[in-house]
Each structure stands twice: as structure tokens, then as C-alpha cells.
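What follows is model.cif (mmCIF, C-alpha atoms and all ligand atoms).
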data_start
loop_
_atom_site.label_atom_id
_atom_site.label_comp_id
_atom_site.auth_asym_id
_atom_site.auth_seq_id
_atom_site.Cartn_x
_atom_site.Cartn_y
_atom_site.Cartn_z
CA MET A 226 -45.87 -96.99 103.69
CA LYS A 227 -45.19 -94.10 106.05
CA GLU A 228 -47.65 -95.53 108.56
CA GLN A 229 -45.94 -98.93 108.36
CA ILE A 230 -42.58 -97.39 109.19
CA GLN A 231 -44.10 -95.44 112.08
CA LYS A 232 -45.75 -98.58 113.41
CA ALA A 233 -42.48 -100.51 113.14
CA PHE A 234 -40.76 -97.72 115.07
CA THR A 235 -43.19 -97.98 117.94
CA GLU A 236 -42.95 -101.78 117.95
CA ASN A 237 -39.15 -101.61 118.16
CA PHE A 238 -38.65 -98.65 120.42
CA GLY A 239 -41.89 -98.17 122.32
CA THR A 240 -44.50 -95.43 122.37
CA GLY A 241 -43.93 -91.73 123.02
CA PRO A 242 -43.22 -88.80 120.72
CA PHE A 243 -40.99 -89.21 117.67
CA ILE A 244 -40.56 -87.52 114.30
CA THR A 245 -40.73 -88.87 110.74
CA ILE A 246 -38.63 -87.50 107.88
CA THR A 247 -39.84 -87.95 104.28
CA THR A 248 -37.22 -88.05 101.53
CA PRO A 249 -37.82 -88.66 97.81
CA ALA A 250 -35.77 -90.57 95.25
CA ARG A 251 -34.43 -88.87 92.14
CA ALA A 252 -34.47 -89.46 88.40
CA ASN A 253 -32.10 -87.57 86.16
CA LEU A 254 -33.73 -86.24 82.98
CA ILE A 255 -30.44 -85.57 81.20
CA GLY A 256 -26.80 -84.76 82.00
CA GLU A 257 -25.43 -88.19 82.90
CA HIS A 258 -21.99 -88.90 84.28
CA ILE A 259 -20.96 -85.28 84.11
CA ASP A 260 -21.67 -84.01 87.62
CA TYR A 261 -18.19 -85.10 88.73
CA GLN A 262 -16.74 -83.11 85.82
CA GLY A 263 -18.40 -79.80 86.64
CA GLY A 264 -21.23 -80.29 84.14
CA TYR A 265 -24.89 -79.28 84.09
CA VAL A 266 -27.42 -81.86 85.24
CA LEU A 267 -31.21 -81.81 85.19
CA PRO A 268 -32.73 -84.14 87.79
CA ILE A 269 -36.16 -84.28 89.44
CA GLY A 270 -37.29 -85.56 92.84
CA ILE A 271 -39.76 -88.43 92.30
CA ASP A 272 -42.65 -89.86 94.26
CA ARG A 273 -40.84 -92.82 95.77
CA PHE A 274 -39.79 -92.21 99.35
CA ILE A 275 -37.60 -93.15 102.30
CA TYR A 276 -39.24 -92.57 105.69
CA THR A 277 -37.16 -92.25 108.83
CA SER A 278 -38.94 -92.32 112.18
CA ALA A 279 -36.65 -91.40 115.02
CA ARG A 280 -35.99 -89.77 118.35
CA LYS A 281 -33.05 -88.74 120.46
CA ARG A 282 -31.98 -90.98 123.35
CA GLU A 283 -30.70 -89.94 126.73
CA ASP A 284 -27.77 -92.40 126.60
CA ASN A 285 -25.19 -92.74 123.80
CA LYS A 286 -26.71 -95.77 122.06
CA ILE A 287 -27.31 -95.69 118.31
CA ALA A 288 -30.09 -98.17 117.57
CA LEU A 289 -31.08 -98.67 113.93
CA PHE A 290 -33.83 -100.80 112.47
CA SER A 291 -34.13 -101.31 108.71
CA PHE A 292 -37.71 -102.04 107.77
CA ASN A 293 -36.82 -103.28 104.27
CA TYR A 294 -34.02 -105.61 105.40
CA ASN A 295 -35.79 -106.49 108.64
CA GLN A 296 -32.48 -106.09 110.47
CA TYR A 297 -31.50 -104.42 113.70
CA PHE A 298 -28.09 -102.89 114.27
CA GLU A 299 -26.74 -101.28 117.39
CA THR A 300 -23.62 -99.36 118.29
CA ASP A 301 -22.82 -96.23 120.33
CA THR A 302 -21.66 -92.73 119.60
CA GLU A 303 -18.03 -93.64 120.41
CA HIS A 304 -17.99 -96.43 117.82
CA ILE A 305 -19.19 -95.10 114.49
CA THR A 306 -17.26 -97.32 112.09
CA TYR A 307 -17.84 -99.04 108.74
CA GLU A 308 -20.00 -102.15 109.10
CA GLU A 309 -19.18 -105.02 106.72
CA ASN A 310 -22.20 -107.01 107.82
CA TYR A 311 -24.81 -104.26 107.79
CA LEU A 312 -24.14 -102.39 104.56
CA TRP A 313 -27.40 -100.42 104.77
CA ALA A 314 -26.32 -98.97 108.13
CA ASN A 315 -23.23 -97.35 106.60
CA TYR A 316 -25.28 -94.68 104.82
CA ILE A 317 -26.64 -93.65 108.22
CA LEU A 318 -23.39 -93.99 110.17
CA GLY A 319 -21.46 -92.14 107.43
CA VAL A 320 -23.65 -89.05 107.83
CA LEU A 321 -23.40 -89.11 111.63
CA ASP A 322 -19.64 -89.41 111.28
CA GLU A 323 -19.53 -86.36 109.00
CA PHE A 324 -21.45 -84.29 111.57
CA ARG A 325 -18.97 -85.48 114.20
CA LYS A 326 -16.03 -84.46 111.99
CA LEU A 327 -17.53 -80.97 111.72
CA GLY A 328 -17.43 -80.76 115.51
CA PHE A 329 -21.09 -81.49 116.30
CA ALA A 330 -21.86 -83.76 119.26
CA VAL A 331 -23.68 -86.85 117.99
CA PRO A 332 -26.48 -87.78 120.41
CA GLY A 333 -27.83 -91.26 121.07
CA ILE A 334 -30.52 -92.00 118.48
CA GLU A 335 -33.09 -94.69 117.85
CA LEU A 336 -34.60 -94.93 114.42
CA THR A 337 -36.52 -97.05 111.96
CA ILE A 338 -35.86 -96.48 108.28
CA GLY A 339 -37.60 -97.88 105.20
CA GLY A 340 -39.55 -97.02 102.12
CA ASN A 341 -40.49 -97.82 98.56
CA ILE A 342 -37.42 -96.70 96.61
CA PRO A 343 -36.18 -99.83 94.85
CA VAL A 344 -32.59 -100.56 95.90
CA GLY A 345 -29.97 -100.94 93.14
CA SER A 346 -32.26 -99.45 90.51
CA GLY A 347 -30.33 -96.24 89.97
CA LEU A 348 -32.88 -94.04 91.74
CA SER A 349 -30.50 -93.09 94.52
CA SER A 350 -31.96 -94.80 97.52
CA SER A 351 -28.53 -94.38 99.12
CA ALA A 352 -28.45 -90.61 98.71
CA ALA A 353 -32.05 -90.49 99.96
CA VAL A 354 -30.95 -92.23 103.17
CA GLU A 355 -28.00 -89.87 103.57
CA VAL A 356 -30.10 -86.73 103.07
CA SER A 357 -32.79 -88.11 105.34
CA ILE A 358 -30.28 -88.57 108.17
CA GLY A 359 -28.93 -85.07 107.51
CA VAL A 360 -32.42 -83.59 107.93
CA LEU A 361 -33.06 -85.77 110.97
CA PHE A 362 -29.83 -84.72 112.68
CA GLN A 363 -30.69 -81.06 112.25
CA LYS A 364 -34.20 -81.58 113.65
CA ILE A 365 -33.24 -83.54 116.74
CA THR A 366 -30.21 -81.42 117.65
CA GLY A 367 -31.52 -78.00 116.56
CA THR A 368 -28.50 -77.62 114.22
CA LYS A 369 -29.04 -75.55 111.08
CA LEU A 370 -26.79 -76.04 108.09
CA GLU A 371 -27.09 -74.08 104.86
CA PRO A 372 -28.61 -76.30 102.14
CA LEU A 373 -25.31 -76.56 100.26
CA GLU A 374 -23.42 -77.50 103.42
CA LEU A 375 -25.85 -80.31 104.11
CA ILE A 376 -25.70 -81.53 100.51
CA LYS A 377 -21.90 -81.60 100.56
CA LEU A 378 -21.87 -83.35 103.91
CA ALA A 379 -24.19 -86.09 102.61
CA ARG A 380 -21.99 -86.53 99.54
CA ARG A 381 -18.84 -86.81 101.68
CA ALA A 382 -20.52 -89.60 103.64
CA GLU A 383 -20.84 -91.56 100.39
CA ASN A 384 -17.35 -90.65 99.10
CA GLU A 385 -15.45 -91.22 102.31
CA PHE A 386 -17.41 -93.60 104.51
CA VAL A 387 -19.11 -95.77 101.88
CA GLY A 388 -16.30 -95.42 99.32
CA VAL A 389 -18.11 -94.49 96.09
CA SER A 390 -16.64 -91.44 94.29
CA CYS A 391 -20.08 -90.12 93.32
CA GLY A 392 -20.73 -86.56 92.18
CA ILE A 393 -23.08 -84.15 93.89
CA MET A 394 -26.23 -84.53 91.77
CA ASP A 395 -28.13 -87.08 93.84
CA GLN A 396 -27.84 -85.45 97.25
CA PHE A 397 -28.48 -82.04 95.66
CA SER A 398 -31.69 -83.03 93.91
CA ILE A 399 -33.01 -85.13 96.75
CA TYR A 400 -32.71 -82.13 99.05
CA LEU A 401 -33.69 -79.24 96.79
CA SER A 402 -36.04 -80.51 94.05
CA LYS A 403 -39.39 -78.83 93.60
CA LYS A 404 -42.63 -80.31 92.36
CA ASN A 405 -43.53 -79.70 88.72
CA SER A 406 -39.98 -78.54 88.00
CA ALA A 407 -36.66 -79.93 86.97
CA LEU A 408 -33.61 -78.76 88.89
CA LEU A 409 -30.81 -77.37 86.74
CA ILE A 410 -27.54 -77.65 88.66
CA ASN A 411 -24.25 -76.22 87.55
CA CYS A 412 -21.98 -78.76 89.22
CA LYS A 413 -18.96 -76.49 88.82
CA THR A 414 -20.28 -73.39 90.59
CA LEU A 415 -23.09 -75.21 92.46
CA GLU A 416 -25.53 -72.54 91.34
CA TYR A 417 -28.96 -73.88 90.54
CA ARG A 418 -32.35 -72.88 89.25
CA TYR A 419 -35.67 -74.51 88.47
CA ALA A 420 -36.91 -75.20 84.94
CA PRO A 421 -40.68 -75.57 84.41
CA LEU A 422 -42.10 -79.00 83.64
CA GLN A 423 -45.42 -78.23 81.98
CA MET A 424 -45.97 -81.68 80.62
CA GLY A 425 -49.58 -81.54 79.41
CA ASN A 426 -50.52 -85.08 78.38
CA LEU A 427 -46.96 -86.41 78.77
CA LYS A 428 -45.53 -88.48 81.60
CA PHE A 429 -42.20 -89.86 82.64
CA LEU A 430 -42.26 -93.63 83.03
CA LEU A 431 -39.41 -95.59 84.59
CA VAL A 432 -38.73 -99.11 83.39
CA ASP A 433 -36.67 -101.05 85.92
CA THR A 434 -34.44 -103.60 84.14
CA LYS A 435 -34.13 -105.62 87.35
CA LYS A 436 -30.56 -106.36 86.32
CA GLU A 437 -28.11 -107.16 89.10
CA ARG A 438 -25.49 -104.44 89.24
CA SER A 439 -22.73 -106.21 91.11
CA LEU A 440 -19.76 -104.43 89.52
CA SER A 441 -21.38 -101.07 89.07
CA SER A 442 -19.43 -99.16 91.71
CA SER A 443 -16.08 -100.33 90.33
CA VAL A 444 -17.08 -99.36 86.76
CA TYR A 445 -18.28 -96.03 88.14
CA ASN A 446 -15.02 -95.36 90.00
CA ASP A 447 -13.11 -96.41 86.88
CA ARG A 448 -14.93 -93.83 84.70
CA VAL A 449 -14.37 -91.10 87.29
CA ALA A 450 -10.64 -91.94 87.29
CA SER A 451 -10.31 -92.10 83.51
CA VAL A 452 -11.84 -88.67 82.91
CA LYS A 453 -9.66 -87.24 85.68
CA GLU A 454 -6.72 -88.59 83.74
CA ALA A 455 -8.01 -86.80 80.62
CA VAL A 456 -8.10 -83.54 82.61
CA ARG A 457 -4.53 -84.13 83.77
CA ILE A 458 -3.36 -84.54 80.18
CA ILE A 459 -5.09 -81.36 78.99
CA ARG A 460 -3.67 -79.41 81.93
CA GLN A 461 -0.21 -79.91 80.50
CA GLU A 462 -1.20 -77.26 77.91
CA LYS A 463 -4.25 -75.48 79.18
CA ASP A 464 -5.38 -74.43 82.62
CA ILE A 465 -8.75 -76.14 83.10
CA GLU A 466 -10.56 -77.51 86.11
CA PHE A 467 -12.91 -79.92 84.37
CA LEU A 468 -13.52 -81.38 80.92
CA THR A 469 -16.67 -79.28 80.70
CA ASP A 470 -14.38 -76.21 80.54
CA ILE A 471 -13.42 -77.34 77.03
CA GLU A 472 -15.53 -76.14 74.10
CA ASP A 473 -14.05 -78.39 71.41
CA ILE A 474 -12.40 -81.58 72.61
CA SER A 475 -11.43 -82.78 69.11
CA SER A 476 -8.30 -80.63 69.07
CA TYR A 477 -6.94 -82.82 71.88
CA LYS A 478 -7.75 -86.10 70.16
CA ASP A 479 -4.18 -87.20 69.49
CA LYS A 480 -3.21 -86.64 73.14
CA PHE A 481 -5.53 -89.40 74.34
CA SER A 482 -5.96 -93.10 73.83
CA GLU A 483 -8.97 -93.90 71.64
CA GLU A 484 -10.92 -94.97 74.72
CA THR A 485 -10.11 -91.90 76.81
CA PHE A 486 -11.08 -89.68 73.91
CA ARG A 487 -14.51 -91.30 73.69
CA ARG A 488 -15.05 -90.81 77.42
CA ALA A 489 -14.04 -87.16 77.20
CA LEU A 490 -16.20 -86.58 74.12
CA HIS A 491 -19.25 -87.87 75.98
CA ILE A 492 -18.68 -85.42 78.83
CA VAL A 493 -18.29 -82.38 76.59
CA GLU A 494 -21.25 -83.20 74.34
CA GLU A 495 -23.59 -84.30 77.12
CA ASN A 496 -23.00 -81.01 78.86
CA LYS A 497 -24.12 -79.10 75.76
CA ARG A 498 -27.20 -81.31 75.48
CA VAL A 499 -28.33 -80.27 78.96
CA VAL A 500 -28.25 -76.60 78.01
CA GLU A 501 -30.33 -77.39 74.91
CA ALA A 502 -32.70 -79.55 76.94
CA VAL A 503 -33.45 -76.71 79.36
CA ASN A 504 -34.30 -74.47 76.42
CA CYS A 505 -36.70 -77.14 75.21
CA LEU A 506 -38.41 -77.27 78.60
CA GLU A 507 -38.70 -73.51 78.66
CA ASN A 508 -40.44 -73.65 75.28
CA SER A 509 -42.44 -76.80 76.13
CA ASP A 510 -40.79 -78.44 73.12
CA PHE A 511 -40.92 -82.06 74.21
CA ASP A 512 -40.27 -83.48 70.73
CA SER A 513 -36.78 -81.98 70.72
CA PHE A 514 -36.36 -82.83 74.40
CA GLY A 515 -37.08 -86.49 73.61
CA GLU A 516 -34.61 -86.43 70.75
CA LEU A 517 -31.92 -85.22 73.16
CA MET A 518 -32.79 -88.10 75.48
CA TYR A 519 -32.11 -90.59 72.66
CA GLN A 520 -28.83 -88.86 71.82
CA SER A 521 -27.79 -88.93 75.45
CA HIS A 522 -28.45 -92.66 75.63
CA LYS A 523 -26.46 -93.34 72.45
CA SER A 524 -23.51 -91.47 73.87
CA LEU A 525 -23.70 -93.32 77.20
CA LYS A 526 -23.84 -96.58 75.30
CA GLU A 527 -21.19 -96.02 72.65
CA LEU A 528 -18.82 -93.43 74.06
CA TYR A 529 -19.03 -93.81 77.81
CA GLU A 530 -19.97 -97.51 77.81
CA VAL A 531 -22.17 -97.54 80.88
CA SER A 532 -25.29 -99.03 79.31
CA CYS A 533 -26.21 -102.71 79.07
CA ARG A 534 -28.22 -104.97 76.75
CA GLU A 535 -31.36 -104.61 78.83
CA LEU A 536 -31.31 -100.80 78.77
CA ASP A 537 -30.50 -100.71 75.06
CA PHE A 538 -33.34 -103.10 74.35
CA ILE A 539 -35.86 -100.87 76.15
CA VAL A 540 -34.60 -97.74 74.36
CA GLU A 541 -34.80 -99.42 70.92
CA PHE A 542 -38.25 -100.78 71.72
CA SER A 543 -39.40 -97.30 72.75
CA LYS A 544 -38.48 -95.83 69.38
CA ASN A 545 -41.18 -97.91 67.71
CA ILE A 546 -44.00 -97.29 70.12
CA ARG A 547 -46.67 -94.69 69.54
CA GLY A 548 -46.65 -91.76 71.92
CA VAL A 549 -43.01 -92.12 73.03
CA LYS A 550 -40.93 -88.95 72.69
CA GLY A 551 -37.62 -90.18 74.06
CA ALA A 552 -35.89 -92.73 76.28
CA ARG A 553 -32.54 -93.09 77.99
CA LEU A 554 -30.85 -94.73 80.91
CA THR A 555 -31.01 -92.66 84.08
CA GLY A 556 -28.48 -92.69 86.91
CA ALA A 557 -25.15 -94.49 86.83
CA GLY A 558 -26.31 -97.11 84.29
CA MET A 559 -25.07 -100.70 83.83
CA GLY A 560 -28.57 -101.74 84.82
CA GLY A 561 -31.09 -99.82 86.88
CA CYS A 562 -33.84 -97.88 85.14
CA CYS A 563 -34.66 -96.54 81.72
CA LEU A 564 -36.54 -93.24 81.71
CA VAL A 565 -39.22 -92.97 79.04
CA LEU A 566 -41.05 -89.78 78.05
CA ILE A 567 -44.45 -90.88 76.80
CA GLU A 568 -48.02 -89.74 76.26
CA GLU A 569 -49.99 -90.83 79.29
CA LYS A 570 -52.66 -92.63 77.29
CA CYS A 571 -50.03 -94.79 75.58
CA ILE A 572 -48.56 -96.15 78.83
CA PRO A 573 -50.82 -99.24 79.11
CA THR A 574 -49.97 -100.39 75.55
CA PHE A 575 -46.28 -99.71 76.14
CA ILE A 576 -46.32 -101.90 79.25
CA ASP A 577 -48.45 -104.66 77.70
CA GLU A 578 -46.15 -104.95 74.70
CA LEU A 579 -42.78 -104.57 76.41
CA ALA A 580 -43.30 -106.85 79.41
CA PRO A 581 -43.72 -110.19 77.52
CA LEU A 582 -41.01 -109.36 74.97
CA TYR A 583 -38.54 -108.45 77.69
CA GLN A 584 -39.45 -111.59 79.61
CA GLN A 585 -38.79 -113.67 76.49
CA VAL A 586 -35.37 -112.15 75.81
CA PHE A 587 -34.02 -111.69 79.34
CA GLY A 588 -36.01 -114.23 81.34
CA LYS A 589 -37.20 -111.68 83.88
CA THR A 590 -40.03 -109.24 84.32
CA PRO A 591 -39.29 -105.53 84.24
CA GLU A 592 -41.06 -103.22 86.65
CA PHE A 593 -42.81 -100.05 85.61
CA TYR A 594 -43.06 -96.92 87.74
CA PRO A 595 -44.98 -93.94 86.34
CA ILE A 596 -43.47 -91.01 88.23
CA GLN A 597 -44.35 -87.51 89.35
CA PRO A 598 -41.85 -84.70 90.03
CA VAL A 599 -42.10 -83.91 93.76
CA ASP A 600 -40.57 -81.61 96.37
CA GLY A 601 -37.16 -82.47 97.80
CA ALA A 602 -36.49 -83.29 101.44
CA LEU A 603 -36.01 -79.65 102.44
CA TYR A 604 -39.56 -78.78 101.41
CA GLN A 605 -41.13 -82.10 102.47
CA ASN A 606 -40.05 -81.60 106.07
CA ILE A 607 -40.63 -77.91 106.78
C1 LIG B 1 -24.71 -91.80 90.29
C2 LIG B 1 -23.91 -90.78 91.09
C3 LIG B 1 -24.16 -89.36 90.59
C4 LIG B 1 -23.99 -89.27 89.07
C5 LIG B 1 -24.75 -90.38 88.37
C6 LIG B 1 -24.47 -90.42 86.89
O1 LIG B 1 -26.06 -91.64 90.54
O2 LIG B 1 -24.23 -90.85 92.46
O3 LIG B 1 -23.31 -88.47 91.26
O4 LIG B 1 -22.63 -89.28 88.71
O5 LIG B 1 -24.46 -91.66 88.90
O6 LIG B 1 -24.91 -89.27 86.27
#

Before we go any further, please render this structure as C-alpha cells.
Amino acid sequence: MKEQIQKAFTENFGTGPFITITTPARANLIGEHIDYQGGYVLPIGIDRFIYTSARKREDNKIALFSFNYNQYFETDTEHITYEENYLWANYILGVLDEFRKLGFAVPGIELTIGGNIPVGSGLSSSAAVEVSIGVLFQKITGTKLEPLELIKLARRAENEFVGVSCGIMDQFSIYLSKKNSALLINCKTLEYRYAPLQMGNLKFLLVDTKKERSLSSSVYNDRVASVKEAVRIIRQEKDIEFLTDIEDISSYKDKFSEETFRRALHIVEENKRVVEAVNCLENSDFDSFGELMYQSHKSLKELYEVSCRELDFIVEFSKNIRGVKGARLTGAGMGGCCLVLIEEKCIPTFIDELAPLYQQVFGKTPEFYPIQPVDGALYQNI
């Protein structure tokens, strides 16, 4: 894939020296929908990548070619604005705009971007593009940002330029993940550490529901707003920053609507599950880890309501298959991928049995991606 992107770069922009940035996707093991409420999350970088081949130009042209969309877009450094007709370009332009806002001069750039991260599958192809452009900008201009500054910049591009109120998990993990580890992030303090992933004969398998997620960003923004509202209500009596500052949410039950209470309960309980899950990893206790995955999914389905029939079907199916330890939706939900923790030797049977059943019920074929925890963009591009 990398070679294809490099070849496409040369075809579009001619020969001569250029650089290529490699950026992984992410899968979250547990800690869902709590990064924007100061919770703990436990993602990994995975072996699906975005490649960006690029070089600086002498003039102020910004020339972008998307390999996956087979589209070319051009503007200049004085006109970095939201593009209705080239949505993919906004993740690139948004990052350049954030560098500009920090006072950096944005040079003319020509680049080709593409890769094998499925789009709309909840594996954060968008954050991978943002981080990739952040790394690229530093390389071609000689700028050096601290890792956290770059991560926050990439997130702002998504919040402000693209307009999704996402938390910080995706950009964080895509930049700082390490192979054979999970990344534990405290999204309140932004401290982080690595937890060992000594998986023995186990593997993580992603099952892509292939469900269209047309309304997902509005549901996402709605959840972010409703838990903010819960924080506002609690603040009338107690000085908190986030829902994860609360130990026992039940004492506030009568202050909320039934729905807001369920949302808040998910946040508080999911946060505790992450702490337990890290303990499990540290003790290589994958049975209990898998159990926490199932609990997390149930909570996302019943309390937070960000699952869907397809994801629930895969999780229920998983419970009856030999060698499966746990399963849950990963990422924002409402479609996208289900993450399954399974003995490696049981993967072929899992796939052979699920694929026709799923096809029968939903009229489409799921895709299966066995994944490996890999280094984040910082370490891929040293
Ligand atoms: C999306 C967002 C993240 C996070 C997850 C849900 O991937 O970009 O910030 O909120 O959803 O855990």
C-alpha cells in the first residue's frame, strides 16, 4: 500500500525527493464515550495505516490528492477554508489552519494521502489523517511541538474545523501508542502509561458491521451535550469538573430525567471498568478482561444507547462461540466495528459461522480484520 501511495505521488507531482509519513488506526479496548468526561480509556494503535507522501513547494499552492477517493483538490495558503465538496480535504486543511492559528507560517505543500483504514468503521481514519498532517508539518518546516501539543492541535482541527465535538482519545492513541501495549490515558489530567499486552494464544479480531453511519456525528454531539448538562446539574451542589469525578451517581438520581441518569451512570461505571481492566492486563487475566468487555457493551447498548442491531447481534453470537473471551463495540458506535477477544485458533470457525448468518439477517457481508497492536505515529516516523 505504501508503495502505491508513493507511486501515485510521483505520478501526480513528478519525481524528486519527498517524504512519507506512516500513521496507524486505533481500536479502543475499553473506556467508551468517557474521554470527553475526563475518564480513563485504553486504546491501542492497530496495523491499518494512512500514508502521506509529501513535499514542500516554493510557491503558496496547497495541492492535495486523495488516493482512496481518486480526487484532486487545490487551494493556496491564503485560502484555507472548509470545503463542502471535498470532505476528506477538511481533515488536512483543519490541521494546517490550527498551525496557522498558533502563528506558524504554512508553506505551500503537495501531497498524496491514502491507506487501508476503512472509512466510517469507527477506527479513526479521520484522526489518523489529522495526526499524519501534524507529523508532516513538523518534518517539512522543522517545527517541534511537544507530543501533547500536537495531539491537542489535531483534536482542535476536528472540533473546530470539521465540527465534531470528539474527545482526545483518538489523536492521543494514534500518536503515542506502542506495540504490544495498550495505552492507558487519564483524559482529565492527560497523564498516560502503557499496560502490557501479553496475549499468548489470544488475538483481537475486528468485525466490521458495514453499516452506514449517516447520523452518527449528530448522535455523538447529542450525547456529549447531554452529559455536559448532567455535569451542570450536579455543579449546583458540588464542585466537579466531569462526571468521572463522582464516585456514586445514584445519590443524584432524582435530579435527572430517567434518560440523563442512564447516560451519567454509563460514564461513571465505564470509568471504573477501565481501572479493573488494566489490573486484568497486568495479571494477564483475560477471562475477567473479556467479561468487562461484555459489560461495557451492555452499558453502551442499554444505558448510553449508542449500539445498533448489527453490533448487538455480533456480541450475542460471540458469547456462544468457543474460544471467545469477550466482545464489545469499539469507537463511537451506531455501526462501525465490534472488537472480539478470541483464541487465535478459533478465528476461522468464528468467521465461517458468523459470515453466512449475518448475511442472512442483515443482507450484507461483514468484514473481518485480525489486528496487531502497533507503534503510534510518533514512533513510526522517527
Ligand atoms: C470517537 C471520538 C473519541 C471517543 C470515541 C468514543 O472515536 O473521536 O473521542 O469519544 O468516539 O469512545

Nearest residue to Glu385 (chain A) from the set A:Glu437, A:Asp479, A:Glu323, A:Glu228 (distances using all atoms listed in the file): A:Glu323

Surrounding residues of region 526-533 of chain A excluding itself and chain neighbours under 5 positions, 6 Å, all atoms listed in the file, as a PyMOL selection string: chain A and resi 487-488+491+558-559

Have a look at A:His304, A:Lys227, A:Arg534, A:Lys377 and name the one nearest to Ile287 (chain A); count all atoms listed in the file.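 Under the stated criterion, the closest residue is A:His304.
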
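Identified as lying at most 7 Å from ligand LIG 1 (chain B) when counting all atoms listed in the file are the residues Gly256, Glu257, His258, Ile259, Asp260, Tyr261, Gly347, Ser349, Cys391, Gly392, Ile393, Met394, Asp395, Gly556 and Ala557 of chain A.
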
Taking all atoms listed in the file into account, name the residue in A:Met424, A:Val344, A:Val599, A:Val499 that is nearest to Leu409 (chain A). A:Val499

CA of Gly270 (chain A) to CA of Thr469 (chain A), straight-line distance in Å: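 CA of Thr469 (chain A) sits 24.7 Å away from CA of Gly270 (chain A).
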
Env of region 403-407 of chain A: 7 Å cut, atoms = only C-alpha atoms, seq-sep filter 3 positions within chain, self excluded. Answer as a PDB file with C-alpha atoms, in the frame of the given file.
ATOM      1  CA  LEU A 267     -31.210 -81.810  85.190  1.00  0.00           C
ATOM      2  CA  PRO A 268     -32.730 -84.140  87.790  1.00  0.00           C
ATOM      3  CA  ILE A 269     -36.160 -84.280  89.440  1.00  0.00           C
ATOM      4  CA  TYR A 419     -35.670 -74.510  88.470  1.00  0.00           C
ATOM      5  CA  ALA A 420     -36.910 -75.200  84.940  1.00  0.00           C
ATOM      6  CA  PRO A 421     -40.680 -75.570  84.410  1.00  0.00           C
ATOM      7  CA  LEU A 422     -42.100 -79.000  83.640  1.00  0.00           C
ATOM      8  CA  PRO A 598     -41.850 -84.700  90.030  1.00  0.00           C
ATOM      9  CA  VAL A 599     -42.100 -83.910  93.760  1.00  0.00           C
ATOM     10  CA  ASP A 600     -40.570 -81.610  96.370  1.00  0.00           C
ATOM     11  CA  GLY A 601     -37.160 -82.470  97.800  1.00  0.00           C
TER      12      GLY A 601
END

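The coordinates place CA of Gly339 (chain A) at 4.9 Å from CA of Phe292 (chain A).
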
What's the separation between CA of Pro591 (chain A) and CA of Ser350 (chain A), in Å to one decimal place?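 Atom-to-atom, CA of Pro591 (chain A) to CA of Ser350 (chain A), that is 18.6 Å.
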
Near Gly264 (chain A), within 10 Å and counting all atoms listed in the file, which residues show up once chain neighbours fewer than 6 positions away are dropped, as a PyMOL selection string? chain A and resi 256-258+410-415+467-470+492-493+495-497+499

Shortest interatomic distance to Ser291 (chain A) - which of A:Ile474, A:Ile305, A:Val331, A:Ile338, counting all atoms listed in the file: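 Distance minimum relative to Ser291 (chain A) lands on A:Ile338.
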
Sort by chain and increasing residue number a table of all residues of region 491-539 of chain A within 12 Å of region 572-584 of chain A, each with its closest pair of atoms and their distance in Å to one decimal, counting only C-alpha atoms, and write it as JSON lines.
{"residue": "A:Arg534", "atom": "CA", "partner": "A:Tyr583", "partner_atom": "CA", "distance": 10.9}
{"residue": "A:Glu535", "atom": "CA", "partner": "A:Tyr583", "partner_atom": "CA", "distance": 8.2}
{"residue": "A:Leu536", "atom": "CA", "partner": "A:Tyr583", "partner_atom": "CA", "distance": 10.6}
{"residue": "A:Asp537", "atom": "CA", "partner": "A:Tyr583", "partner_atom": "CA", "distance": 11.5}
{"residue": "A:Phe538", "atom": "CA", "partner": "A:Tyr583", "partner_atom": "CA", "distance": 8.2}
{"residue": "A:Ile539", "atom": "CA", "partner": "A:Leu579", "partner_atom": "CA", "distance": 7.9}

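Using all atoms listed in the file for every distance, the candidate list A:Lys570, A:Glu466, A:Phe274, A:Val456 yields A:Val456 as the residue closest to Lys480 (chain A).
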
Could you rebuild region 603-607 of chain A with all heavy atoms and give it back as a compact mmCIF listing (two decimals), in the coordinates of the input?
# COMPACT_ATOMS: atom_id res chain seq x y z
N LEU A 603 -35.93 -80.93 101.73
CA LEU A 603 -36.01 -79.65 102.44
C LEU A 603 -37.46 -79.19 102.55
O LEU A 603 -37.91 -78.78 103.61
CB LEU A 603 -35.17 -78.59 101.71
CG LEU A 603 -35.23 -77.19 102.31
CD1 LEU A 603 -34.64 -77.16 103.72
CD2 LEU A 603 -34.46 -76.19 101.44
N TYR A 604 -38.18 -79.27 101.44
CA TYR A 604 -39.56 -78.78 101.41
C TYR A 604 -40.56 -79.79 101.98
O TYR A 604 -41.61 -79.42 102.49
CB TYR A 604 -39.95 -78.41 99.98
CG TYR A 604 -38.95 -77.45 99.36
CD1 TYR A 604 -38.05 -77.88 98.39
CD2 TYR A 604 -38.85 -76.13 99.81
CE1 TYR A 604 -37.10 -77.01 97.86
CE2 TYR A 604 -37.91 -75.26 99.28
CZ TYR A 604 -37.03 -75.71 98.31
OH TYR A 604 -36.09 -74.87 97.79
N GLN A 605 -40.23 -81.07 101.92
CA GLN A 605 -41.13 -82.10 102.47
C GLN A 605 -41.20 -82.02 104.00
O GLN A 605 -42.16 -82.47 104.59
CB GLN A 605 -40.61 -83.52 102.14
CG GLN A 605 -40.60 -83.87 100.67
CD GLN A 605 -41.93 -84.41 100.18
OE1 GLN A 605 -42.86 -84.62 100.95
NE2 GLN A 605 -42.02 -84.60 98.88
N ASN A 606 -40.15 -81.48 104.60
CA ASN A 606 -40.05 -81.60 106.07
C ASN A 606 -40.04 -80.26 106.79
O ASN A 606 -39.47 -80.14 107.87
CB ASN A 606 -38.80 -82.40 106.43
CG ASN A 606 -38.86 -83.80 105.86
OD1 ASN A 606 -39.67 -84.61 106.29
ND2 ASN A 606 -38.02 -84.07 104.87
N ILE A 607 -40.61 -79.25 106.16
CA ILE A 607 -40.63 -77.91 106.78
C ILE A 607 -41.49 -77.94 108.04
O ILE A 607 -42.53 -78.59 108.05
CB ILE A 607 -41.14 -76.86 105.77
CG1 ILE A 607 -40.00 -76.57 104.79
CG2 ILE A 607 -41.59 -75.59 106.47
CD1 ILE A 607 -40.38 -75.70 103.63
